[in-house]
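Some notes on the structure that comes next.
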Amino acid sequence: MAKLHLMKLSVGTNDIADLAAWQESRRRATGQPSQHVTRMWPKRAAELLDGGSIYWVIKGVMQARQRLLRLDEVIGNDGIRRCALVLSPEIHRTSPTPRRAFQGWRYLAEDDAPPDLGPYRAGQQDLPEDLEQKLAALGVL
């Protein structure tokens with residue numbers, strides 16, 4: 001069976017460094033692993049947890065992923081049940097892939113997921129976004 005992933009907008013994030021810094025600050029403040037809380041519980045949870053990842057869309061471009069470790073139930077202050085997507089702390093850069101805006105998250109089939117470019121490292125200098133997209137379109141990245 002092919003892996004199943006999620007695709008999610010990282011709203012308010014300018015780049016992978018922003019995503020990593022925000023997650024690190026949350027880990028330090030809460031002592032909890034990286035997670036993203038969402039209103040909807042994935043109906044295909046078993047497939048997602050069989051090696052799936054969350055692919056982050058930043059500024060209209062899918063450019064990073066994190067492995068999904070588990071799904072935790074979280075009850076908000078309003079009493080509503082939510083799903084915490086618990087993530088590996090390691091962020092992998094992916095080949096930049098343009099994506100249109102959408103709300104919530106979407107399932108992403110393994111065949112539609114962009115290839116990894118390697119792990120993200122703090123302080124790493126990325127290529128300018130437009131150059132990275134052109135190189136990816138040429139198959140160089």
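In the structure tokens, chains take the letters A, B, ... in the order shown, each chain's residues start at 1, and ligands count up from 1 in the order shown.
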
- List every residue of region 40-104 of chain A that DSSP, applied to the backbone of this structure, assigns to strand (DSSP E), and report them as a ChimeraX atom specification. /A:53-58,61-75,81-87,92-98

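Summary of the local environment: counting only C-alpha atoms, residues at most 10 Å from Glu47 (chain A), other than itself and those fewer than 2 positions away along its chain, are A:Met1, A:Ala2, A:Lys3, A:Leu4, A:His5, A:Pro42, A:Lys43, A:Arg44, A:Ala45, A:Leu49, A:Asp50, A:Gly51, A:Gly52.
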
- Message: At a cut-off of 9 Å, using only C-alpha atoms, what residues contact region 108-116 of chain A? Leave out same-chain residues fewer than 2 positions from it and give the result as an MDAnalysis selection string.
- Response: chainID A and resid 2:7 52 54:55 62:65 92:97 106 118:119 141

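In this comparison, which uses only C-alpha atoms, the residue of A:Ile58, A:Leu85, A:Ala46, A:Leu68 approaching Ser10 (chain A) most closely is A:Ile58.
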
- Tell me, as a ChimeraX atom specification, which residues lie within 12 Å of His36 (chain A), counting only C-alpha atoms; anything in the same chain fewer than 6 positions away does not count. /A:6,8-11,19,22-23,26-27,54,56,66,68-74,82-89,104-105

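Separating CA of Ser34 (chain A) from CA of Arg99 (chain A) is a distance of 23.8 Å.
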
- Distance criterion (only C-alpha atoms): nearest to Ile80 (chain A) out of A:Phe102, A:Tyr120, A:Tyr107, A:Trp41: A:Trp41
